[in-house]
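This is my_file25.csv (CSV, C-alpha atoms).
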chain,number,residue,atom,x,y,z
A,28,MET,CA,20.4,-14.3,-59.4
A,29,ALA,CA,16.9,-15.1,-60.4
A,30,ASP,CA,15.5,-11.6,-60.2
A,31,ASN,CA,15.5,-9.0,-63.0
A,32,ARG,CA,15.4,-5.9,-60.9
A,33,PRO,CA,17.2,-3.0,-62.5
A,34,LEU,CA,20.7,-2.0,-61.3
A,35,SER,CA,22.0,1.6,-61.1
A,36,PRO,CA,24.5,2.1,-63.9
A,37,HIS,CA,28.2,1.8,-62.9
A,38,LEU,CA,30.8,0.9,-65.6
A,39,GLY,CA,28.7,2.8,-68.2
A,40,ILE,CA,28.8,6.2,-66.4
A,41,TYR,CA,31.7,6.4,-64.0
A,42,ARG,CA,34.6,8.6,-64.9
A,43,TRP,CA,37.6,6.5,-65.4
A,44,GLN,CA,40.2,6.9,-62.6
A,45,ILE,CA,43.6,5.3,-62.3
A,46,THR,CA,42.6,4.1,-58.8
A,47,MET,CA,39.9,1.8,-60.0
A,48,THR,CA,42.1,0.6,-62.9
A,49,MET,CA,44.9,-0.3,-60.6
A,50,SER,CA,42.5,-2.1,-58.3
A,51,ILE,CA,41.1,-4.3,-61.1
A,52,LEU,CA,44.5,-4.8,-62.5
A,53,HIS,CA,45.7,-6.1,-59.2
A,54,ARG,CA,43.0,-8.7,-59.3
A,55,ALA,CA,43.6,-9.5,-63.0
A,56,THR,CA,47.4,-9.9,-62.5
A,57,GLY,CA,46.6,-12.1,-59.5
A,58,VAL,CA,44.5,-14.5,-61.5
A,59,ALA,CA,47.0,-14.5,-64.3
A,60,LEU,CA,49.8,-15.4,-61.8
A,61,ALA,CA,47.6,-18.2,-60.4
A,62,VAL,CA,47.3,-19.7,-63.9
A,63,GLY,CA,51.0,-19.2,-64.3
A,64,SER,CA,51.7,-21.3,-61.2
A,65,ILE,CA,50.5,-24.3,-63.3
A,66,ALA,CA,53.3,-23.6,-65.8
A,67,LEU,CA,55.7,-23.2,-62.9
A,68,VAL,CA,54.9,-26.6,-61.4
A,69,TRP,CA,54.9,-28.2,-64.9
A,70,TRP,CA,58.5,-26.8,-65.4
A,71,LEU,CA,59.6,-28.2,-62.1
A,72,VAL,CA,58.0,-31.6,-62.5
A,73,ALA,CA,59.4,-31.9,-66.0
A,74,ALA,CA,62.9,-31.2,-64.6
A,75,GLY,CA,62.4,-34.0,-62.2
A,76,ILE,CA,61.1,-36.4,-64.8
A,77,GLY,CA,64.1,-36.1,-67.1
A,78,PRO,CA,65.8,-34.2,-70.0
A,79,ASP,CA,63.2,-35.1,-72.6
A,80,ALA,CA,60.2,-33.8,-70.5
A,81,PHE,CA,62.3,-30.7,-69.6
A,82,ASP,CA,63.1,-30.1,-73.3
A,83,THR,CA,59.4,-30.2,-74.1
A,84,VAL,CA,58.6,-27.5,-71.6
A,85,HIS,CA,61.6,-25.5,-72.7
A,86,ARG,CA,60.6,-25.6,-76.3
A,87,PHE,CA,57.0,-24.5,-75.4
A,88,LEU,CA,58.3,-21.6,-73.3
A,89,SER,CA,60.7,-20.6,-76.1
A,90,SER,CA,58.0,-20.4,-78.7
A,91,GLY,CA,56.3,-17.2,-79.6
A,92,PHE,CA,53.3,-17.9,-77.5
A,93,GLY,CA,55.4,-19.1,-74.7
A,94,GLN,CA,57.5,-15.9,-74.7
A,95,PHE,CA,54.3,-13.9,-74.8
A,96,LEU,CA,53.1,-15.7,-71.7
A,97,LEU,CA,56.4,-15.3,-69.9
A,98,ILE,CA,56.5,-11.6,-70.6
A,99,GLY,CA,52.9,-11.2,-69.4
A,100,TRP,CA,53.7,-13.2,-66.3
A,101,THR,CA,56.8,-11.1,-65.6
A,102,PHE,CA,54.8,-7.8,-65.7
A,103,SER,CA,52.0,-9.4,-63.8
A,104,LEU,CA,54.4,-10.5,-61.1
A,105,PHE,CA,56.1,-7.2,-60.6
A,106,TYR,CA,52.9,-5.2,-60.8
A,107,HIS,CA,51.1,-7.5,-58.3
A,108,LEU,CA,54.2,-7.5,-56.1
A,109,CYS,CA,54.5,-3.7,-56.0
A,110,ASN,CA,50.8,-3.0,-55.7
A,111,GLY,CA,50.6,-5.8,-53.1
A,112,VAL,CA,53.1,-3.8,-51.0
A,113,ARG,CA,50.9,-0.8,-51.4
A,114,HIS,CA,48.0,-2.9,-50.2
A,115,LEU,CA,49.9,-4.0,-47.1
A,116,ALA,CA,50.6,-0.4,-46.3
A,117,TRP,CA,46.9,0.3,-46.4
A,118,ASP,CA,46.3,-2.7,-44.2
A,119,ALA,CA,48.7,-1.1,-41.7
A,120,GLY,CA,46.6,2.0,-41.9
A,121,TRP,CA,49.0,4.1,-44.0
A,122,GLY,CA,48.5,6.0,-47.2
A,123,PHE,CA,44.8,6.8,-47.4
A,124,GLN,CA,45.0,10.5,-48.2
A,125,ILE,CA,43.9,11.1,-51.7
A,126,LYS,CA,47.2,12.6,-52.7
A,127,THR,CA,49.2,9.7,-51.2
A,128,PHE,CA,46.9,7.3,-52.9
A,129,TYR,CA,47.8,8.7,-56.3
A,130,ILE,CA,51.5,9.2,-55.6
A,131,THR,CA,51.9,5.6,-54.4
A,132,GLY,CA,49.9,4.5,-57.4
A,133,TYR,CA,52.2,6.2,-59.9
A,134,ALA,CA,55.2,4.8,-58.0
A,135,VAL,CA,53.9,1.3,-58.4
A,136,TRP,CA,53.6,1.8,-62.2
A,137,VAL,CA,57.1,3.2,-62.4
A,138,VAL,CA,58.8,0.5,-60.2
A,139,ALA,CA,56.8,-2.4,-61.8
A,140,LEU,CA,57.6,-1.3,-65.4
A,141,ALA,CA,61.2,-0.7,-64.5
A,142,LEU,CA,61.6,-4.1,-62.9
A,143,THR,CA,59.9,-5.7,-65.9
A,144,ALA,CA,62.1,-3.9,-68.3
A,145,GLY,CA,65.2,-4.8,-66.4
A,146,THR,CA,64.3,-8.4,-66.2
A,147,LEU,CA,63.5,-8.6,-69.9
A,148,TRP,CA,66.8,-6.8,-70.7
A,149,VAL,CA,68.7,-9.4,-68.6
A,150,ALA,CA,66.8,-12.3,-70.1
A,151,TYR,CA,67.1,-11.3,-73.8
A,152,SER,CA,70.5,-9.6,-73.9
A,153,GLY,CA,72.4,-12.0,-71.7
A,154,GLY,CA,73.3,-8.9,-69.7
A,155,ALA,CA,74.9,-8.6,-66.3
A,156,ALA,CA,73.5,-11.7,-64.6
B,12,MET,CA,41.9,-21.6,-33.6
B,13,SER,CA,38.7,-19.7,-33.2
B,14,PHE,CA,38.8,-15.9,-32.9
B,15,ARG,CA,35.3,-15.8,-31.3
B,16,THR,CA,34.8,-14.8,-27.7
B,17,PRO,CA,33.3,-17.4,-25.4
B,18,LEU,CA,30.0,-15.5,-25.3
B,19,GLY,CA,30.1,-15.3,-29.1
B,20,GLN,CA,30.6,-19.0,-29.4
B,21,VAL,CA,27.8,-19.7,-27.0
B,22,THR,CA,25.2,-17.4,-28.5
B,23,GLY,CA,26.1,-18.5,-32.0
B,24,LEU,CA,25.2,-15.1,-33.4
B,25,GLY,CA,27.3,-12.9,-35.7
B,26,SER,CA,29.3,-13.9,-38.7
B,27,ALA,CA,28.8,-17.5,-39.9
B,28,ARG,CA,32.2,-17.6,-41.7
B,29,SER,CA,35.9,-17.4,-40.9
B,30,GLY,CA,36.6,-14.2,-42.7
B,31,THR,CA,39.3,-13.0,-40.3
B,32,SER,CA,41.5,-16.0,-40.8
B,33,HIS,CA,41.2,-15.6,-44.5
B,34,TRP,CA,42.2,-11.9,-44.3
B,35,TRP,CA,45.2,-12.8,-42.1
B,36,GLY,CA,46.3,-15.7,-44.2
B,37,GLN,CA,46.3,-13.6,-47.3
B,38,ARG,CA,48.5,-10.9,-45.6
B,39,VAL,CA,50.9,-13.3,-43.9
B,40,SER,CA,51.4,-15.3,-47.1
B,41,ALA,CA,51.9,-12.1,-49.0
B,42,LEU,CA,54.7,-11.0,-46.6
B,43,GLY,CA,56.4,-14.4,-46.9
B,44,LEU,CA,56.1,-14.2,-50.7
B,45,ILE,CA,57.9,-10.9,-51.0
B,46,PRO,CA,61.4,-12.4,-50.3
B,47,LEU,CA,60.6,-15.8,-51.6
B,48,THR,CA,59.4,-14.5,-55.0
B,49,LEU,CA,62.3,-12.1,-55.4
B,50,TRP,CA,64.6,-15.1,-54.7
B,51,PHE,CA,62.8,-17.3,-57.1
B,52,ALA,CA,62.5,-14.8,-59.9
B,53,GLY,CA,66.2,-13.9,-59.6
B,54,SER,CA,67.1,-17.6,-59.7
B,55,VAL,CA,65.0,-18.5,-62.6
B,56,LEU,CA,66.3,-15.5,-64.6
B,57,GLN,CA,69.8,-16.8,-64.2
B,58,LEU,CA,68.6,-20.3,-65.1
B,59,SER,CA,66.8,-19.1,-68.2
B,60,ARG,CA,70.0,-19.5,-70.2
B,61,ALA,CA,71.2,-22.7,-68.4
B,62,ASP,CA,71.1,-26.2,-69.7
B,63,TYR,CA,69.3,-29.1,-68.1
B,64,VAL,CA,72.3,-30.3,-66.0
B,65,THR,CA,72.7,-26.8,-64.5
B,66,VAL,CA,69.1,-26.8,-63.5
B,67,ILE,CA,69.4,-30.2,-61.8
B,68,VAL,CA,72.5,-29.1,-60.0
B,69,TRP,CA,70.6,-26.1,-58.7
B,70,LEU,CA,67.7,-28.3,-57.6
B,71,HIS,CA,70.2,-30.6,-55.8
B,72,THR,CA,71.3,-27.7,-53.5
B,73,PRO,CA,69.6,-28.3,-50.1
B,74,TRP,CA,68.6,-24.8,-49.3
B,75,VAL,CA,67.2,-24.4,-52.8
B,76,ALA,CA,64.9,-27.4,-52.2
B,77,VAL,CA,63.7,-25.9,-48.9
B,78,LEU,CA,63.1,-22.4,-50.3
B,79,LEU,CA,61.5,-23.7,-53.4
B,80,SER,CA,59.1,-25.9,-51.5
B,81,LEU,CA,58.2,-23.0,-49.2
B,82,PHE,CA,57.8,-20.7,-52.1
B,83,LEU,CA,55.5,-23.2,-53.9
B,84,VAL,CA,53.3,-23.9,-50.9
B,85,THR,CA,53.0,-20.3,-49.9
B,86,LEU,CA,52.3,-19.2,-53.5
B,87,LEU,CA,49.5,-21.8,-54.0
B,88,TYR,CA,48.0,-21.0,-50.6
B,89,HIS,CA,48.0,-17.2,-51.4
B,90,ALA,CA,46.7,-17.9,-54.9
B,91,TYR,CA,43.9,-20.1,-53.7
B,92,LEU,CA,42.7,-17.4,-51.2
B,93,GLY,CA,42.8,-14.8,-53.9
B,94,VAL,CA,41.0,-16.9,-56.5
B,95,GLN,CA,38.4,-17.9,-53.9
B,96,VAL,CA,37.2,-14.3,-53.4
B,97,VAL,CA,37.2,-13.8,-57.2
B,98,ILE,CA,34.9,-16.8,-57.6
B,99,GLU,CA,32.7,-15.7,-54.7
B,100,ASP,CA,32.4,-12.3,-56.2
B,101,TYR,CA,31.4,-13.3,-59.7
B,102,VAL,CA,29.8,-16.7,-59.6
B,103,HIS,CA,26.3,-16.5,-58.1
B,104,THR,CA,24.9,-19.9,-59.1
B,105,GLU,CA,25.4,-21.8,-55.8
B,106,TRP,CA,26.3,-25.2,-57.2
B,107,LEU,CA,28.7,-23.8,-59.8
B,108,LYS,CA,30.4,-21.6,-57.2
B,109,ILE,CA,30.9,-24.6,-54.8
B,110,ALA,CA,32.1,-26.8,-57.6
B,111,SER,CA,34.5,-24.1,-58.9
B,112,LEU,CA,36.0,-23.6,-55.5
B,113,LEU,CA,36.5,-27.3,-55.0
B,114,VAL,CA,38.1,-27.8,-58.4
B,115,ILE,CA,40.5,-24.8,-57.7
B,116,LYS,CA,41.3,-26.0,-54.2
B,117,PHE,CA,42.1,-29.6,-55.3
B,118,THR,CA,44.1,-28.3,-58.2
B,119,CYS,CA,46.2,-26.2,-55.9
B,120,ILE,CA,46.7,-29.1,-53.5
B,121,LEU,CA,47.7,-31.4,-56.4
B,122,LEU,CA,50.1,-28.8,-57.8
B,123,GLY,CA,51.7,-28.2,-54.4
B,124,ALA,CA,52.1,-31.9,-53.7
B,125,ALA,CA,53.6,-32.6,-57.1
B,126,GLY,CA,55.9,-29.6,-56.9
B,127,VAL,CA,57.2,-30.3,-53.3
B,128,PHE,CA,57.6,-34.0,-54.1
B,129,THR,CA,59.7,-33.2,-57.2
B,130,ALA,CA,61.8,-30.6,-55.3
B,131,LEU,CA,62.6,-33.1,-52.6
B,132,ARG,CA,63.0,-36.1,-54.9
B,133,VAL,CA,65.6,-34.3,-57.1
B,134,ALA,CA,67.4,-32.9,-54.0
B,135,PHE,CA,67.7,-36.4,-52.5
B,136,GLY,CA,68.3,-38.2,-55.7
B,137,ALA,CA,71.5,-39.0,-57.6

Can you turn what I pasted into structure tokens?
Amino acid sequence: MADNRPLSPHLGIYRWQITMTMSILHRATGVALAVGSIALVWWLVAAGIGPDAFDTVHRFLSSGFGQFLLIGWTFSLFYHLCNGVRHLAWDAGWGFQIKTFYITGYAVWVVALALTAGTLWVAYSGGAA
Amino acid sequence: MSFRTPLGQVTGLGSARSGTSHWWGQRVSALGLIPLTLWFAGSVLQLSRADYVTVIVWLHTPWVAVLLSLFLVTLLYHAYLGVQVVIEDYVHTEWLKIASLLVIKFTCILLGAAGVFTALRVAFGA
């Protein structure tokens, strides 16, 4: 953009609403997952190369930073999945009433956090797999 | 396949881009990814405690190789469509936008090729 024409204010003045937060979070988790697909392919290719390469990936993912990434990707996956279903419902024409918008929004948070918590519990406690 | 009417194709007016196919592609891949992702996440969760041999045995299973390949390709296709709109929304310098889109597209294709090749090679191998 070469021009310097003034823009009307947006982020600076709009009242925060959960609707806009969920929308940008859907985009952010999508991008995060896209980056995560690199790690996914790396893991798979390493398994194909041999035990040493696989061990390298495993050690990285077991590190503090690796665990941070995995937890982040876990939540990103479940949030993006649940909100994605909400998006598909909108595409089919359902759920545009203000009240429904908010109810489905809260439901996405509850289900996504529950799935994340459940996954982390299974992963870290060696629970009922 | 073109979604334009014959009259639309002849006059050449209207939208210059193929937005509808992008919209559909994103939704269809999303639908396919729901079961594929749940399957993959559940599998990987069980494999998180497994050793290397167990992972290889899992990859040797024929239907695993098929589903894994489908999951990877659908995921990367869906991811590319998504990242494409993100870049188009925020990058306004034309050459940088085109370059970014190309880099992302080629990366997705490379990742998909490497992933599917590995899945098949391990499944067919010893």

I need the contact residues of chain A against chain B, so if you could list those with any atom within 7 Å, counting all atoms listed in the file, and return them as a compact mmCIF listing (two decimals) with C-alpha atoms, keeping the file's coordinate frame, that would help.
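Final output, out.txt:
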# COMPACT_ATOMS: atom_id res chain seq x y z
CA MET A 28 20.40 -14.30 -59.40
CA VAL A 58 44.50 -14.50 -61.50
CA ALA A 61 47.60 -18.20 -60.40
CA VAL A 68 54.90 -26.60 -61.40
CA LEU A 71 59.60 -28.20 -62.10
CA VAL A 72 58.00 -31.60 -62.50
CA GLY A 75 62.40 -34.00 -62.20
CA PRO A 78 65.80 -34.20 -70.00
CA ALA A 150 66.80 -12.30 -70.10
CA ALA A 156 73.50 -11.70 -64.60

Neighbour residues at most 10 Å from (52.0, 2.5, -58.3) (only C-alpha atoms) as a list in words: Ile45, Thr46, Met49, Tyr106, Cys109, Asn110, Gly111, Val112, Arg113, Phe128, Tyr129, Ile130, Thr131, Gly132, Tyr133, Ala134, Val135, Trp136, Val137, Val138, Ala139 and Leu140 of chain A

One-decimal distance in Å that lies between CA of Arg15 (chain B) and CA of Ser32 (chain B): 11.3 Å

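You will find CA of Gly30 (chain B) at 23.0 Å from CA of Thr56 (chain A).
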
Nearest residue to Leu147 (chain A) from the set A:Asp118, A:Gln124, A:His107, A:Gly99 (distances using all atoms listed in the file):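 Once distances to Leu147 (chain A) are computed over all atoms listed in the file, the minimum belongs to A:Gly99.
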
Computed interatomic separation between CA of Trp35 (chain B) and CA of His53 (chain A) (Å):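 CA of His53 (chain A) lies at a distance of 18.4 Å from CA of Trp35 (chain B).
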
For region 68-92 of chain A, supply N, CA, C and O atoms and format the output as a PDB file, keeping the file's coordinate frame.
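Output below, filename part.pdb:
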ATOM      1  N   VAL A  68      54.839 -25.206 -61.945  1.00  0.00           N
ATOM      2  CA  VAL A  68      54.900 -26.600 -61.400  1.00  0.00           C
ATOM      3  C   VAL A  68      55.239 -27.550 -62.557  1.00  0.00           C
ATOM      4  O   VAL A  68      56.015 -28.488 -62.383  1.00  0.00           O
ATOM      5  N   TRP A  69      54.662 -27.299 -63.740  1.00  0.00           N
ATOM      6  CA  TRP A  69      54.900 -28.200 -64.900  1.00  0.00           C
ATOM      7  C   TRP A  69      56.440 -28.142 -65.216  1.00  0.00           C
ATOM      8  O   TRP A  69      57.044 -29.195 -65.433  1.00  0.00           O
ATOM      9  N   TRP A  70      57.034 -26.958 -65.174  1.00  0.00           N
ATOM     10  CA  TRP A  70      58.500 -26.800 -65.400  1.00  0.00           C
ATOM     11  C   TRP A  70      59.282 -27.617 -64.421  1.00  0.00           C
ATOM     12  O   TRP A  70      60.206 -28.354 -64.766  1.00  0.00           O
ATOM     13  N   LEU A  71      58.904 -27.487 -63.159  1.00  0.00           N
ATOM     14  CA  LEU A  71      59.600 -28.200 -62.100  1.00  0.00           C
ATOM     15  C   LEU A  71      59.482 -29.681 -62.196  1.00  0.00           C
ATOM     16  O   LEU A  71      60.466 -30.431 -62.121  1.00  0.00           O
ATOM     17  N   VAL A  72      58.264 -30.141 -62.373  1.00  0.00           N
ATOM     18  CA  VAL A  72      58.000 -31.600 -62.500  1.00  0.00           C
ATOM     19  C   VAL A  72      58.727 -32.171 -63.679  1.00  0.00           C
ATOM     20  O   VAL A  72      59.300 -33.268 -63.614  1.00  0.00           O
ATOM     21  N   ALA A  73      58.729 -31.420 -64.788  1.00  0.00           N
ATOM     22  CA  ALA A  73      59.400 -31.900 -66.000  1.00  0.00           C
ATOM     23  C   ALA A  73      60.908 -32.048 -65.733  1.00  0.00           C
ATOM     24  O   ALA A  73      61.535 -32.999 -66.199  1.00  0.00           O
ATOM     25  N   ALA A  74      61.487 -31.102 -64.979  1.00  0.00           N
ATOM     26  CA  ALA A  74      62.900 -31.200 -64.600  1.00  0.00           C
ATOM     27  C   ALA A  74      63.157 -32.469 -63.852  1.00  0.00           C
ATOM     28  O   ALA A  74      64.185 -33.132 -64.020  1.00  0.00           O
ATOM     29  N   GLY A  75      62.213 -32.816 -62.985  1.00  0.00           N
ATOM     30  CA  GLY A  75      62.400 -34.000 -62.200  1.00  0.00           C
ATOM     31  C   GLY A  75      62.190 -35.295 -62.965  1.00  0.00           C
ATOM     32  O   GLY A  75      62.775 -36.326 -62.640  1.00  0.00           O
ATOM     33  N   ILE A  76      61.370 -35.227 -64.034  1.00  0.00           N
ATOM     34  CA  ILE A  76      61.100 -36.400 -64.800  1.00  0.00           C
ATOM     35  C   ILE A  76      62.334 -36.783 -65.673  1.00  0.00           C
ATOM     36  O   ILE A  76      62.752 -37.937 -65.741  1.00  0.00           O
ATOM     37  N   GLY A  77      62.911 -35.781 -66.325  1.00  0.00           N
ATOM     38  CA  GLY A  77      64.100 -36.100 -67.100  1.00  0.00           C
ATOM     39  C   GLY A  77      64.315 -35.045 -68.224  1.00  0.00           C
ATOM     40  O   GLY A  77      63.518 -34.136 -68.421  1.00  0.00           O
ATOM     41  N   PRO A  78      65.423 -35.185 -68.954  1.00  0.00           N
ATOM     42  CA  PRO A  78      65.800 -34.200 -70.000  1.00  0.00           C
ATOM     43  C   PRO A  78      64.786 -34.047 -71.098  1.00  0.00           C
ATOM     44  O   PRO A  78      64.590 -32.939 -71.624  1.00  0.00           O
ATOM     45  N   ASP A  79      64.131 -35.145 -71.490  1.00  0.00           N
ATOM     46  CA  ASP A  79      63.200 -35.100 -72.600  1.00  0.00           C
ATOM     47  C   ASP A  79      61.954 -34.230 -72.214  1.00  0.00           C
ATOM     48  O   ASP A  79      61.508 -33.355 -72.959  1.00  0.00           O
ATOM     49  N   ALA A  80      61.400 -34.538 -71.027  1.00  0.00           N
ATOM     50  CA  ALA A  80      60.200 -33.800 -70.500  1.00  0.00           C
ATOM     51  C   ALA A  80      60.607 -32.307 -70.372  1.00  0.00           C
ATOM     52  O   ALA A  80      59.837 -31.404 -70.714  1.00  0.00           O
ATOM     53  N   PHE A  81      61.800 -32.074 -69.835  1.00  0.00           N
ATOM     54  CA  PHE A  81      62.300 -30.700 -69.600  1.00  0.00           C
ATOM     55  C   PHE A  81      62.414 -29.978 -70.944  1.00  0.00           C
ATOM     56  O   PHE A  81      62.092 -28.796 -71.069  1.00  0.00           O
ATOM     57  N   ASP A  82      62.908 -30.704 -71.950  1.00  0.00           N
ATOM     58  CA  ASP A  82      63.100 -30.100 -73.300  1.00  0.00           C
ATOM     59  C   ASP A  82      61.754 -29.684 -73.866  1.00  0.00           C
ATOM     60  O   ASP A  82      61.652 -28.645 -74.525  1.00  0.00           O
ATOM     61  N   THR A  83      60.719 -30.505 -73.623  1.00  0.00           N
ATOM     62  CA  THR A  83      59.400 -30.200 -74.100  1.00  0.00           C
ATOM     63  C   THR A  83      58.893 -28.856 -73.542  1.00  0.00           C
ATOM     64  O   THR A  83      58.403 -27.976 -74.249  1.00  0.00           O
ATOM     65  N   VAL A  84      59.051 -28.717 -72.216  1.00  0.00           N
ATOM     66  CA  VAL A  84      58.600 -27.500 -71.600  1.00  0.00           C
ATOM     67  C   VAL A  84      59.458 -26.308 -72.100  1.00  0.00           C
ATOM     68  O   VAL A  84      58.923 -25.237 -72.405  1.00  0.00           O
ATOM     69  N   HIS A  85      60.769 -26.543 -72.232  1.00  0.00           N
ATOM     70  CA  HIS A  85      61.600 -25.500 -72.700  1.00  0.00           C
ATOM     71  C   HIS A  85      61.261 -25.001 -74.090  1.00  0.00           C
ATOM     72  O   HIS A  85      61.263 -23.808 -74.389  1.00  0.00           O
ATOM     73  N   ARG A  86      60.930 -25.984 -74.965  1.00  0.00           N
ATOM     74  CA  ARG A  86      60.600 -25.600 -76.300  1.00  0.00           C
ATOM     75  C   ARG A  86      59.249 -24.805 -76.331  1.00  0.00           C
ATOM     76  O   ARG A  86      59.086 -23.843 -77.083  1.00  0.00           O
ATOM     77  N   PHE A  87      58.295 -25.235 -75.479  1.00  0.00           N
ATOM     78  CA  PHE A  87      57.000 -24.500 -75.400  1.00  0.00           C
ATOM     79  C   PHE A  87      57.272 -23.063 -74.939  1.00  0.00           C
ATOM     80  O   PHE A  87      56.754 -22.099 -75.512  1.00  0.00           O
ATOM     81  N   LEU A  88      58.082 -22.917 -73.875  1.00  0.00           N
ATOM     82  CA  LEU A  88      58.300 -21.600 -73.300  1.00  0.00           C
ATOM     83  C   LEU A  88      59.156 -20.718 -74.262  1.00  0.00           C
ATOM     84  O   LEU A  88      59.117 -19.495 -74.185  1.00  0.00           O
ATOM     85  N   SER A  89      59.925 -21.369 -75.150  1.00  0.00           N
ATOM     86  CA  SER A  89      60.700 -20.600 -76.100  1.00  0.00           C
ATOM     87  C   SER A  89      59.960 -20.198 -77.320  1.00  0.00           C
ATOM     88  O   SER A  89      60.426 -19.362 -78.100  1.00  0.00           O
ATOM     89  N   SER A  90      58.789 -20.788 -77.509  1.00  0.00           N
ATOM     90  CA  SER A  90      58.000 -20.400 -78.700  1.00  0.00           C
ATOM     91  C   SER A  90      57.431 -19.028 -78.557  1.00  0.00           C
ATOM     92  O   SER A  90      57.517 -18.411 -77.497  1.00  0.00           O
ATOM     93  N   GLY A  91      56.882 -18.509 -79.644  1.00  0.00           N
ATOM     94  CA  GLY A  91      56.300 -17.200 -79.600  1.00  0.00           C
ATOM     95  C   GLY A  91      55.271 -16.991 -78.569  1.00  0.00           C
ATOM     96  O   GLY A  91      55.271 -16.027 -77.798  1.00  0.00           O
ATOM     97  N   PHE A  92      54.349 -17.967 -78.520  1.00  0.00           N
ATOM     98  CA  PHE A  92      53.300 -17.900 -77.500  1.00  0.00           C
ATOM     99  C   PHE A  92      53.824 -18.021 -76.126  1.00  0.00           C
ATOM    100  O   PHE A  92      53.401 -17.314 -75.215  1.00  0.00           O
TER     101      PHE A  92
END
